[in-house]
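Asks: run.cif is the file, holding mmCIF, N, CA and C atoms:
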```cif
data_target
#
loop_
_atom_site.label_atom_id
_atom_site.label_comp_id
_atom_site.auth_asym_id
_atom_site.auth_seq_id
_atom_site.Cartn_x
_atom_site.Cartn_y
_atom_site.Cartn_z
N MET A 228 2.12 -11.37 -30.00
CA MET A 228 1.21 -10.30 -29.64
C MET A 228 1.44 -9.92 -28.18
N ARG A 229 1.49 -8.65 -27.89
CA ARG A 229 1.72 -8.18 -26.54
C ARG A 229 0.42 -8.11 -25.78
N SER A 230 0.48 -8.45 -24.51
CA SER A 230 -0.72 -8.35 -23.68
C SER A 230 -0.89 -6.90 -23.23
N THR A 231 -2.04 -6.60 -22.67
CA THR A 231 -2.29 -5.24 -22.20
C THR A 231 -1.41 -4.89 -21.02
N GLN A 232 -0.95 -5.91 -20.26
CA GLN A 232 -0.06 -5.63 -19.14
C GLN A 232 1.32 -5.22 -19.62
N ASP A 233 1.75 -5.70 -20.78
CA ASP A 233 3.06 -5.38 -21.31
C ASP A 233 3.11 -4.02 -22.00
N ALA A 234 1.95 -3.52 -22.39
CA ALA A 234 1.90 -2.25 -23.09
C ALA A 234 2.21 -1.11 -22.14
N PRO A 235 3.01 -0.15 -22.58
CA PRO A 235 3.31 0.99 -21.71
C PRO A 235 2.06 1.81 -21.46
N SER A 236 1.95 2.30 -20.27
CA SER A 236 0.76 3.06 -19.91
C SER A 236 1.00 4.55 -20.13
N ASP A 237 0.07 5.20 -20.80
CA ASP A 237 0.13 6.64 -20.98
C ASP A 237 -0.69 7.34 -19.90
N GLN A 238 -1.18 6.57 -18.97
CA GLN A 238 -2.04 7.10 -17.92
C GLN A 238 -1.22 7.93 -16.94
N GLN A 239 -1.77 9.06 -16.58
CA GLN A 239 -1.15 9.89 -15.55
C GLN A 239 -1.91 9.67 -14.26
N HIS A 240 -1.19 9.54 -13.19
CA HIS A 240 -1.81 9.33 -11.88
C HIS A 240 -1.79 10.65 -11.13
N PHE A 241 -2.96 11.08 -10.70
CA PHE A 241 -3.08 12.33 -9.98
C PHE A 241 -3.29 12.04 -8.51
N LEU A 242 -2.54 12.72 -7.69
CA LEU A 242 -2.60 12.50 -6.25
C LEU A 242 -3.47 13.55 -5.58
N ASN A 243 -3.90 13.23 -4.38
CA ASN A 243 -4.63 14.19 -3.55
C ASN A 243 -3.64 14.84 -2.58
N ALA A 244 -3.95 16.03 -2.14
CA ALA A 244 -3.08 16.74 -1.20
C ALA A 244 -3.29 16.25 0.23
N VAL A 245 -4.25 15.35 0.39
CA VAL A 245 -4.51 14.73 1.70
C VAL A 245 -4.50 13.22 1.49
N ALA A 246 -3.75 12.52 2.33
CA ALA A 246 -3.65 11.06 2.23
C ALA A 246 -4.98 10.42 2.65
N PRO A 247 -5.21 9.16 2.28
CA PRO A 247 -6.45 8.48 2.69
C PRO A 247 -6.66 8.44 4.20
N SER A 248 -5.59 8.53 4.97
CA SER A 248 -5.69 8.54 6.43
C SER A 248 -6.13 9.90 6.96
N GLY A 249 -6.18 10.91 6.09
CA GLY A 249 -6.58 12.25 6.51
C GLY A 249 -5.40 13.16 6.82
N ARG A 250 -4.18 12.64 6.72
CA ARG A 250 -2.99 13.45 7.00
C ARG A 250 -2.68 14.32 5.79
N SER A 251 -2.28 15.56 6.04
CA SER A 251 -1.99 16.47 4.94
C SER A 251 -0.58 16.25 4.40
N ILE A 252 -0.41 16.64 3.16
CA ILE A 252 0.88 16.51 2.47
C ILE A 252 1.42 17.91 2.23
N GLU A 253 2.66 18.14 2.63
CA GLU A 253 3.31 19.43 2.41
C GLU A 253 3.41 19.71 0.92
N PRO A 254 3.25 20.97 0.50
CA PRO A 254 3.32 21.30 -0.93
C PRO A 254 4.61 20.85 -1.61
N CYS A 255 5.76 21.01 -0.93
CA CYS A 255 7.03 20.60 -1.55
C CYS A 255 7.08 19.08 -1.75
N VAL A 256 6.49 18.32 -0.86
CA VAL A 256 6.45 16.86 -0.98
C VAL A 256 5.42 16.47 -2.04
N PHE A 257 4.32 17.18 -2.09
CA PHE A 257 3.28 16.89 -3.07
C PHE A 257 3.81 17.02 -4.49
N VAL A 258 4.59 18.06 -4.75
CA VAL A 258 5.15 18.28 -6.08
C VAL A 258 6.07 17.11 -6.46
N VAL A 259 6.90 16.68 -5.52
CA VAL A 259 7.81 15.56 -5.77
C VAL A 259 7.01 14.27 -5.98
N ALA A 260 6.01 14.05 -5.13
CA ALA A 260 5.18 12.84 -5.25
C ALA A 260 4.47 12.79 -6.59
N GLN A 261 3.96 13.91 -7.03
CA GLN A 261 3.28 13.95 -8.33
C GLN A 261 4.27 13.68 -9.45
N ALA A 262 5.51 14.15 -9.30
CA ALA A 262 6.52 13.94 -10.33
C ALA A 262 6.92 12.46 -10.46
N VAL A 263 6.92 11.73 -9.36
CA VAL A 263 7.33 10.31 -9.40
C VAL A 263 6.14 9.37 -9.46
N ALA A 264 4.94 9.89 -9.47
CA ALA A 264 3.73 9.06 -9.36
C ALA A 264 3.65 7.98 -10.44
N ASP A 265 3.85 8.34 -11.69
CA ASP A 265 3.72 7.35 -12.77
C ASP A 265 4.73 6.22 -12.62
N GLN A 266 5.96 6.57 -12.34
CA GLN A 266 7.01 5.57 -12.18
C GLN A 266 6.74 4.70 -10.95
N ALA A 267 6.39 5.33 -9.84
CA ALA A 267 6.17 4.60 -8.59
C ALA A 267 4.96 3.68 -8.70
N VAL A 268 3.88 4.16 -9.25
CA VAL A 268 2.66 3.36 -9.37
C VAL A 268 2.88 2.19 -10.33
N CYS A 269 3.57 2.43 -11.41
CA CYS A 269 3.87 1.35 -12.36
C CYS A 269 4.69 0.27 -11.68
N TYR A 270 5.66 0.65 -10.89
CA TYR A 270 6.49 -0.31 -10.16
C TYR A 270 5.65 -1.11 -9.17
N ALA A 271 4.88 -0.42 -8.35
CA ALA A 271 4.11 -1.08 -7.29
C ALA A 271 2.99 -1.94 -7.86
N GLU A 272 2.45 -1.53 -8.98
CA GLU A 272 1.35 -2.28 -9.58
C GLU A 272 1.77 -3.69 -9.97
N LYS A 273 3.05 -3.88 -10.29
CA LYS A 273 3.56 -5.21 -10.63
C LYS A 273 3.47 -6.15 -9.44
N PHE A 274 3.62 -5.61 -8.24
CA PHE A 274 3.60 -6.43 -7.03
C PHE A 274 2.21 -6.52 -6.41
N LEU A 275 1.46 -5.42 -6.50
CA LEU A 275 0.17 -5.36 -5.83
C LEU A 275 -1.00 -5.67 -6.76
N GLY A 276 -0.82 -5.43 -8.05
CA GLY A 276 -1.86 -5.72 -9.02
C GLY A 276 -2.97 -4.68 -9.09
N ASP A 277 -2.84 -3.59 -8.36
CA ASP A 277 -3.90 -2.59 -8.33
C ASP A 277 -3.29 -1.20 -8.25
N SER A 278 -3.50 -0.40 -9.28
CA SER A 278 -2.92 0.94 -9.30
C SER A 278 -3.54 1.85 -8.25
N CYS A 279 -4.79 1.62 -7.90
CA CYS A 279 -5.43 2.46 -6.88
C CYS A 279 -4.78 2.27 -5.51
N VAL A 280 -4.46 1.03 -5.19
CA VAL A 280 -3.76 0.75 -3.93
C VAL A 280 -2.39 1.41 -3.95
N ALA A 281 -1.71 1.34 -5.09
CA ALA A 281 -0.39 1.95 -5.22
C ALA A 281 -0.46 3.47 -5.04
N VAL A 282 -1.47 4.10 -5.61
CA VAL A 282 -1.64 5.55 -5.46
C VAL A 282 -1.89 5.90 -3.98
N ASN A 283 -2.74 5.12 -3.32
CA ASN A 283 -3.00 5.35 -1.90
C ASN A 283 -1.72 5.22 -1.07
N LEU A 284 -0.90 4.22 -1.39
CA LEU A 284 0.35 4.04 -0.66
C LEU A 284 1.31 5.19 -0.91
N LEU A 285 1.33 5.71 -2.14
CA LEU A 285 2.19 6.86 -2.43
C LEU A 285 1.71 8.09 -1.66
N GLU A 286 0.41 8.28 -1.59
CA GLU A 286 -0.13 9.41 -0.81
C GLU A 286 0.21 9.25 0.67
N GLU A 287 0.11 8.04 1.19
CA GLU A 287 0.46 7.81 2.60
C GLU A 287 1.95 8.03 2.83
N ALA A 288 2.77 7.60 1.88
CA ALA A 288 4.21 7.83 1.99
C ALA A 288 4.51 9.33 1.98
N ALA A 289 3.84 10.07 1.12
CA ALA A 289 4.03 11.52 1.05
C ALA A 289 3.61 12.19 2.36
N ALA A 290 2.53 11.70 2.96
CA ALA A 290 2.09 12.25 4.24
C ALA A 290 3.12 11.95 5.34
N SER A 291 3.70 10.76 5.31
CA SER A 291 4.73 10.41 6.29
C SER A 291 5.96 11.29 6.15
N VAL A 292 6.38 11.51 4.91
CA VAL A 292 7.53 12.37 4.66
C VAL A 292 7.21 13.80 5.11
N SER A 293 6.00 14.24 4.87
CA SER A 293 5.58 15.58 5.30
C SER A 293 5.68 15.72 6.81
N GLU A 294 5.28 14.68 7.54
CA GLU A 294 5.39 14.71 9.00
C GLU A 294 6.84 14.80 9.45
N VAL A 295 7.72 14.08 8.77
CA VAL A 295 9.14 14.13 9.10
C VAL A 295 9.69 15.54 8.85
N ILE A 296 9.30 16.13 7.73
CA ILE A 296 9.76 17.49 7.41
C ILE A 296 9.28 18.49 8.47
N ARG A 297 8.01 18.38 8.85
CA ARG A 297 7.49 19.29 9.88
C ARG A 297 8.19 19.08 11.22
N ALA A 298 8.45 17.83 11.57
CA ALA A 298 9.13 17.54 12.84
C ALA A 298 10.56 18.08 12.83
N LYS A 299 11.25 17.93 11.71
CA LYS A 299 12.62 18.44 11.61
C LYS A 299 12.64 19.97 11.69
N GLU A 300 11.67 20.60 11.07
CA GLU A 300 11.59 22.06 11.15
C GLU A 300 11.32 22.52 12.58
N ALA A 301 10.41 21.84 13.25
CA ALA A 301 10.07 22.21 14.63
C ALA A 301 11.26 22.00 15.56
N ALA A 302 12.05 20.97 15.32
CA ALA A 302 13.20 20.67 16.17
C ALA A 302 14.46 21.40 15.69
N GLN A 303 14.32 22.16 14.63
CA GLN A 303 15.43 22.90 14.03
C GLN A 303 16.60 21.98 13.69
N ILE A 304 16.25 20.84 13.08
CA ILE A 304 17.23 19.86 12.62
C ILE A 304 17.41 20.06 11.12
N ASP A 305 18.57 19.68 10.60
CA ASP A 305 18.83 19.80 9.17
C ASP A 305 17.72 19.11 8.37
N PRO A 306 17.29 19.73 7.28
CA PRO A 306 16.20 19.14 6.48
C PRO A 306 16.67 17.90 5.70
N ILE A 307 15.71 17.20 5.16
CA ILE A 307 15.99 16.06 4.29
C ILE A 307 16.71 16.59 3.05
N ARG A 308 17.83 15.98 2.71
CA ARG A 308 18.63 16.48 1.58
C ARG A 308 18.00 16.14 0.23
N ASP A 309 17.49 14.93 0.09
CA ASP A 309 16.93 14.49 -1.19
C ASP A 309 15.51 13.97 -0.94
N VAL A 310 14.53 14.85 -1.06
CA VAL A 310 13.15 14.49 -0.76
C VAL A 310 12.65 13.41 -1.72
N ARG A 311 13.04 13.47 -2.95
CA ARG A 311 12.61 12.47 -3.94
C ARG A 311 13.06 11.07 -3.52
N ARG A 312 14.32 10.94 -3.19
CA ARG A 312 14.87 9.63 -2.79
C ARG A 312 14.24 9.16 -1.47
N TYR A 313 14.09 10.07 -0.53
CA TYR A 313 13.51 9.74 0.77
C TYR A 313 12.07 9.26 0.59
N LEU A 314 11.31 9.98 -0.22
CA LEU A 314 9.91 9.62 -0.49
C LEU A 314 9.83 8.25 -1.13
N PHE A 315 10.69 7.99 -2.10
CA PHE A 315 10.62 6.71 -2.79
C PHE A 315 10.96 5.55 -1.85
N ARG A 316 11.92 5.74 -0.94
CA ARG A 316 12.26 4.70 0.04
C ARG A 316 11.09 4.42 0.97
N VAL A 317 10.42 5.47 1.44
CA VAL A 317 9.25 5.29 2.31
C VAL A 317 8.16 4.55 1.54
N PHE A 318 7.96 4.92 0.29
CA PHE A 318 6.96 4.27 -0.56
C PHE A 318 7.28 2.79 -0.74
N LEU A 319 8.54 2.45 -1.01
CA LEU A 319 8.94 1.05 -1.18
C LEU A 319 8.67 0.25 0.09
N ARG A 320 8.92 0.84 1.24
CA ARG A 320 8.63 0.16 2.50
C ARG A 320 7.13 -0.10 2.65
N LYS A 321 6.32 0.85 2.26
CA LYS A 321 4.87 0.68 2.35
C LYS A 321 4.38 -0.40 1.38
N VAL A 322 4.97 -0.46 0.20
CA VAL A 322 4.61 -1.50 -0.77
C VAL A 322 4.99 -2.87 -0.21
N ALA A 323 6.18 -2.97 0.37
CA ALA A 323 6.63 -4.25 0.95
C ALA A 323 5.71 -4.67 2.09
N GLU A 324 5.30 -3.72 2.91
CA GLU A 324 4.38 -4.04 4.01
C GLU A 324 3.03 -4.49 3.48
N ALA A 325 2.55 -3.85 2.44
CA ALA A 325 1.27 -4.23 1.85
C ALA A 325 1.36 -5.64 1.26
N ARG A 326 2.49 -5.96 0.66
CA ARG A 326 2.67 -7.31 0.11
C ARG A 326 2.68 -8.36 1.21
N ARG A 327 3.37 -8.05 2.31
CA ARG A 327 3.41 -9.00 3.45
C ARG A 327 2.01 -9.21 4.00
N ASN A 328 1.27 -8.13 4.17
CA ASN A 328 -0.10 -8.25 4.68
C ASN A 328 -0.99 -9.01 3.72
N GLU A 329 -0.82 -8.80 2.43
CA GLU A 329 -1.60 -9.50 1.42
C GLU A 329 -1.30 -10.99 1.46
N THR A 330 -0.03 -11.34 1.64
CA THR A 330 0.36 -12.75 1.71
C THR A 330 -0.27 -13.41 2.92
N ARG A 331 -0.25 -12.73 4.06
CA ARG A 331 -0.88 -13.29 5.26
C ARG A 331 -2.37 -13.49 5.04
N TYR A 332 -3.03 -12.51 4.42
CA TYR A 332 -4.46 -12.62 4.15
C TYR A 332 -4.75 -13.81 3.25
N GLU A 333 -3.93 -13.98 2.20
CA GLU A 333 -4.13 -15.11 1.29
C GLU A 333 -3.96 -16.43 2.01
N GLU A 334 -2.96 -16.54 2.90
CA GLU A 334 -2.74 -17.78 3.64
C GLU A 334 -3.94 -18.09 4.53
N VAL A 335 -4.45 -17.09 5.23
CA VAL A 335 -5.60 -17.29 6.11
C VAL A 335 -6.83 -17.65 5.30
N SER A 336 -7.03 -16.96 4.18
CA SER A 336 -8.23 -17.24 3.38
C SER A 336 -8.17 -18.63 2.76
N GLN A 337 -6.98 -19.12 2.44
CA GLN A 337 -6.86 -20.47 1.91
C GLN A 337 -7.16 -21.50 2.99
N CYS A 338 -6.74 -21.23 4.21
CA CYS A 338 -7.02 -22.15 5.32
C CYS A 338 -8.51 -22.24 5.60
N HIS A 339 -9.20 -21.16 5.36
CA HIS A 339 -10.63 -21.10 5.68
C HIS A 339 -11.45 -20.89 4.42
N SER A 340 -11.08 -21.57 3.35
CA SER A 340 -11.76 -21.34 2.08
C SER A 340 -13.16 -21.92 2.05
N HIS A 341 -13.43 -22.92 2.87
CA HIS A 341 -14.76 -23.51 2.92
C HIS A 341 -15.24 -23.48 4.36
N PRO A 342 -16.43 -22.93 4.61
CA PRO A 342 -16.89 -22.74 5.98
C PRO A 342 -17.08 -24.03 6.77
N ARG A 343 -17.22 -25.19 6.11
CA ARG A 343 -17.43 -26.45 6.83
C ARG A 343 -16.13 -27.27 6.95
N ASP A 344 -15.02 -26.70 6.55
CA ASP A 344 -13.74 -27.42 6.57
C ASP A 344 -13.17 -27.39 7.98
N ASP A 345 -13.07 -28.56 8.63
CA ASP A 345 -12.54 -28.66 9.98
C ASP A 345 -11.07 -29.07 10.01
N SER A 346 -10.44 -29.18 8.89
CA SER A 346 -9.09 -29.73 8.84
C SER A 346 -8.01 -28.78 9.35
N HIS A 347 -8.33 -27.53 9.61
CA HIS A 347 -7.30 -26.58 10.01
C HIS A 347 -7.42 -26.15 11.47
N GLY A 348 -8.21 -26.83 12.26
CA GLY A 348 -8.25 -26.57 13.68
C GLY A 348 -9.19 -25.47 14.12
N ASP A 349 -9.71 -24.68 13.23
CA ASP A 349 -10.63 -23.62 13.62
C ASP A 349 -12.05 -23.97 13.20
N GLY A 350 -12.35 -25.24 13.18
CA GLY A 350 -13.67 -25.69 12.75
C GLY A 350 -14.79 -25.26 13.67
N TRP A 351 -14.44 -24.88 14.90
CA TRP A 351 -15.48 -24.44 15.83
C TRP A 351 -16.21 -23.22 15.32
N ILE A 352 -15.51 -22.36 14.57
CA ILE A 352 -16.16 -21.18 14.01
C ILE A 352 -17.21 -21.60 13.00
N ALA A 353 -16.83 -22.51 12.12
CA ALA A 353 -17.77 -23.00 11.11
C ALA A 353 -18.92 -23.74 11.76
N ARG A 354 -18.60 -24.57 12.75
CA ARG A 354 -19.67 -25.32 13.43
C ARG A 354 -20.63 -24.36 14.12
N TYR A 355 -20.09 -23.32 14.76
CA TYR A 355 -20.94 -22.34 15.42
C TYR A 355 -21.84 -21.64 14.42
N PHE A 356 -21.24 -21.22 13.32
CA PHE A 356 -22.00 -20.51 12.31
C PHE A 356 -23.10 -21.38 11.74
N TRP A 357 -22.76 -22.62 11.33
CA TRP A 357 -23.74 -23.47 10.66
C TRP A 357 -24.78 -24.00 11.62
N THR A 358 -24.52 -24.08 12.91
CA THR A 358 -25.55 -24.53 13.84
C THR A 358 -26.52 -23.42 14.18
N ARG A 359 -26.11 -22.20 14.00
CA ARG A 359 -26.98 -21.04 14.31
C ARG A 359 -27.91 -20.70 13.18
N PHE A 360 -27.54 -21.02 11.95
CA PHE A 360 -28.33 -20.57 10.81
C PHE A 360 -28.80 -21.73 9.98
#
```
If you convert what's in this file into structure tokens, what do you get?

Replies:
Amino acid sequence: MRSTQDAPSDQQHFLNAVAPSGRSIEPCVFVVAQAVADQAVCYAEKFLGDSCVAVNLLEEAAASVSEVIRAKEAAQIDPIRDVRRYLFRVFLRKVAEARRNETRYEEVSQCHSHPRDDSHGDGWIARYFWTRF
């Protein structure tokens, strides 16, 4: 029997024209981002475990690519030749960064999993907290 994670998703992921950071996405980048959204989110979800985080990262990647496009236009530099490939590379970097940050968070949370645990050298925080309350 196949699990729900193994089943192909028929879900379509819809992006916003503004990234969560508030940066706008150029229309030409938005169209490309929407076209790769299902594939990109499915890929990132395997590593991050959350499709919403993956969608946010794709929107942020699209905003970053939009900034590069605007900067190249302003500087009258040759445009990006393959926006789809460029966007996907930026997205992969953001996924990798999110994974690194998640790993660091997990390591820290494991070290401080119990507020009275003094075995990791930061027991003064727990002692301070528990003596105050």

Asks: Convert the output of the PyMOL selection byres ((chain A and resi 311-321) around 7) on the shown file into explicit residues, formatted as a list in words.

Replies: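 Output of the PyMOL selection byres ((chain A and resi 311-321) around 7): Val259, Ala260, Leu284, Leu285, Ala288, Ala289, Val292, Arg308, Asp309, Val310, Val322, Ala323, Glu324, Ala325 and Arg326 of chain A.
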
Asks: Could you work out how far atom N of A:Asn283 lies from atom N of A:Arg250, giving the answer in Å with one decimal?

Replies: 12.6 Å

Asks: Between atom CA of A:Glu329 and atom CA of A:Glu294, what is the spacing in Å?

Replies: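 Answer for the atom CA of A:Glu294 to atom CA of A:Glu329 separation: 26.3 Å.
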
Asks: Could you tell me how far atom CA of A:Asp277 lies from atom CA of A:His240, in Å and to one decimal?

Replies: 12.6 Å

Asks: On this file, the PyMOL selection byres (((chain A and resi 293 and name CA) around 8) and name CA) gives some set of residues; write that set as a list of chain:residue names.

Replies: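 Output from the PyMOL selection byres (((chain A and resi 293 and name CA) around 8) and name CA), applied to this file: A:Ser251, A:Ile252, A:Glu253, A:Val256, A:Ala289, A:Ala290, A:Ser291, A:Val292, A:Glu294, A:Val295, A:Ile296, A:Arg297.
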
Asks: For the structure I just gave you, how does DSSP split stretch 244-303 of chain A - specifically, which residues are alpha helix (DSSP H)? Reply as a PyMOL selection string.

Replies: chain A and resi 254-275+278-301

Asks: Dump N, CA and C atoms for the selected residues as a compact mmCIF listing (two decimals), in the coordinates of the input?

Replies:
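Written output follows (selection01.txt):
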```txt
# COMPACT_ATOMS: atom_id res chain seq x y z
N PRO A 254 3.25 20.97 0.50
CA PRO A 254 3.32 21.30 -0.93
C PRO A 254 4.61 20.85 -1.61
N CYS A 255 5.76 21.01 -0.93
CA CYS A 255 7.03 20.60 -1.55
C CYS A 255 7.08 19.08 -1.75
N VAL A 256 6.49 18.32 -0.86
CA VAL A 256 6.45 16.86 -0.98
C VAL A 256 5.42 16.47 -2.04
N PHE A 257 4.32 17.18 -2.09
CA PHE A 257 3.28 16.89 -3.07
C PHE A 257 3.81 17.02 -4.49
N VAL A 258 4.59 18.06 -4.75
CA VAL A 258 5.15 18.28 -6.08
C VAL A 258 6.07 17.11 -6.46
N VAL A 259 6.90 16.68 -5.52
CA VAL A 259 7.81 15.56 -5.77
C VAL A 259 7.01 14.27 -5.98
N ALA A 260 6.01 14.05 -5.13
CA ALA A 260 5.18 12.84 -5.25
C ALA A 260 4.47 12.79 -6.59
N GLN A 261 3.96 13.91 -7.03
CA GLN A 261 3.28 13.95 -8.33
C GLN A 261 4.27 13.68 -9.45
N ALA A 262 5.51 14.15 -9.30
CA ALA A 262 6.52 13.94 -10.33
C ALA A 262 6.92 12.46 -10.46
N VAL A 263 6.92 11.73 -9.36
CA VAL A 263 7.33 10.31 -9.40
C VAL A 263 6.14 9.37 -9.46
N ALA A 264 4.94 9.89 -9.47
CA ALA A 264 3.73 9.06 -9.36
C ALA A 264 3.65 7.98 -10.44
N ASP A 265 3.85 8.34 -11.69
CA ASP A 265 3.72 7.35 -12.77
C ASP A 265 4.73 6.22 -12.62
N GLN A 266 5.96 6.57 -12.34
CA GLN A 266 7.01 5.57 -12.18
C GLN A 266 6.74 4.70 -10.95
N ALA A 267 6.39 5.33 -9.84
CA ALA A 267 6.17 4.60 -8.59
C ALA A 267 4.96 3.68 -8.70
N VAL A 268 3.88 4.16 -9.25
CA VAL A 268 2.66 3.36 -9.37
C VAL A 268 2.88 2.19 -10.33
N CYS A 269 3.57 2.43 -11.41
CA CYS A 269 3.87 1.35 -12.36
C CYS A 269 4.69 0.27 -11.68
N TYR A 270 5.66 0.65 -10.89
CA TYR A 270 6.49 -0.31 -10.16
C TYR A 270 5.65 -1.11 -9.17
N ALA A 271 4.88 -0.42 -8.35
CA ALA A 271 4.11 -1.08 -7.29
C ALA A 271 2.99 -1.94 -7.86
N GLU A 272 2.45 -1.53 -8.98
CA GLU A 272 1.35 -2.28 -9.58
C GLU A 272 1.77 -3.69 -9.97
N LYS A 273 3.05 -3.88 -10.29
CA LYS A 273 3.56 -5.21 -10.63
C LYS A 273 3.47 -6.15 -9.44
N PHE A 274 3.62 -5.61 -8.24
CA PHE A 274 3.60 -6.43 -7.03
C PHE A 274 2.21 -6.52 -6.41
N LEU A 275 1.46 -5.42 -6.50
CA LEU A 275 0.17 -5.36 -5.83
C LEU A 275 -1.00 -5.67 -6.76
N SER A 278 -3.50 -0.40 -9.28
CA SER A 278 -2.92 0.94 -9.30
C SER A 278 -3.54 1.85 -8.25
N CYS A 279 -4.79 1.62 -7.90
CA CYS A 279 -5.43 2.46 -6.88
C CYS A 279 -4.78 2.27 -5.51
N VAL A 280 -4.46 1.03 -5.19
CA VAL A 280 -3.76 0.75 -3.93
C VAL A 280 -2.39 1.41 -3.95
N ALA A 281 -1.71 1.34 -5.09
CA ALA A 281 -0.39 1.95 -5.22
C ALA A 281 -0.46 3.47 -5.04
N VAL A 282 -1.47 4.10 -5.61
CA VAL A 282 -1.64 5.55 -5.46
C VAL A 282 -1.89 5.90 -3.98
N ASN A 283 -2.74 5.12 -3.32
CA ASN A 283 -3.00 5.35 -1.90
C ASN A 283 -1.72 5.22 -1.07
N LEU A 284 -0.90 4.22 -1.39
CA LEU A 284 0.35 4.04 -0.66
C LEU A 284 1.31 5.19 -0.91
N LEU A 285 1.33 5.71 -2.14
CA LEU A 285 2.19 6.86 -2.43
C LEU A 285 1.71 8.09 -1.66
N GLU A 286 0.41 8.28 -1.59
CA GLU A 286 -0.13 9.41 -0.81
C GLU A 286 0.21 9.25 0.67
N GLU A 287 0.11 8.04 1.19
CA GLU A 287 0.46 7.81 2.60
C GLU A 287 1.95 8.03 2.83
N ALA A 288 2.77 7.60 1.88
CA ALA A 288 4.21 7.83 1.99
C ALA A 288 4.51 9.33 1.98
N ALA A 289 3.84 10.07 1.12
CA ALA A 289 4.03 11.52 1.05
C ALA A 289 3.61 12.19 2.36
N ALA A 290 2.53 11.70 2.96
CA ALA A 290 2.09 12.25 4.24
C ALA A 290 3.12 11.95 5.34
N SER A 291 3.70 10.76 5.31
CA SER A 291 4.73 10.41 6.29
C SER A 291 5.96 11.29 6.15
N VAL A 292 6.38 11.51 4.91
CA VAL A 292 7.53 12.37 4.66
C VAL A 292 7.21 13.80 5.11
N SER A 293 6.00 14.24 4.87
CA SER A 293 5.58 15.58 5.30
C SER A 293 5.68 15.72 6.81
N GLU A 294 5.28 14.68 7.54
CA GLU A 294 5.39 14.71 9.00
C GLU A 294 6.84 14.80 9.45
N VAL A 295 7.72 14.08 8.77
CA VAL A 295 9.14 14.13 9.10
C VAL A 295 9.69 15.54 8.85
N ILE A 296 9.30 16.13 7.73
CA ILE A 296 9.76 17.49 7.41
C ILE A 296 9.28 18.49 8.47
N ARG A 297 8.01 18.38 8.85
CA ARG A 297 7.49 19.29 9.88
C ARG A 297 8.19 19.08 11.22
N ALA A 298 8.45 17.83 11.57
CA ALA A 298 9.13 17.54 12.84
C ALA A 298 10.56 18.08 12.83
N LYS A 299 11.25 17.93 11.71
CA LYS A 299 12.62 18.44 11.61
C LYS A 299 12.64 19.97 11.69
N GLU A 300 11.67 20.60 11.07
CA GLU A 300 11.59 22.06 11.15
C GLU A 300 11.32 22.52 12.58
N ALA A 301 10.41 21.84 13.25
CA ALA A 301 10.07 22.21 14.63
C ALA A 301 11.26 22.00 15.56
```

Asks: Write out as lines of an AutoDock Vina configuration file an axis-aligned box for stretch 246-260 of chain A: all of its atoms listed in the file, 3 Å added on each side, centre and edge lengths in Å with one decimal.

Replies:
```
center_x = 0.6
center_y = 14.9
center_z = 0.2
size_x = 20.5
size_y = 18.9
size_z = 19.6
```
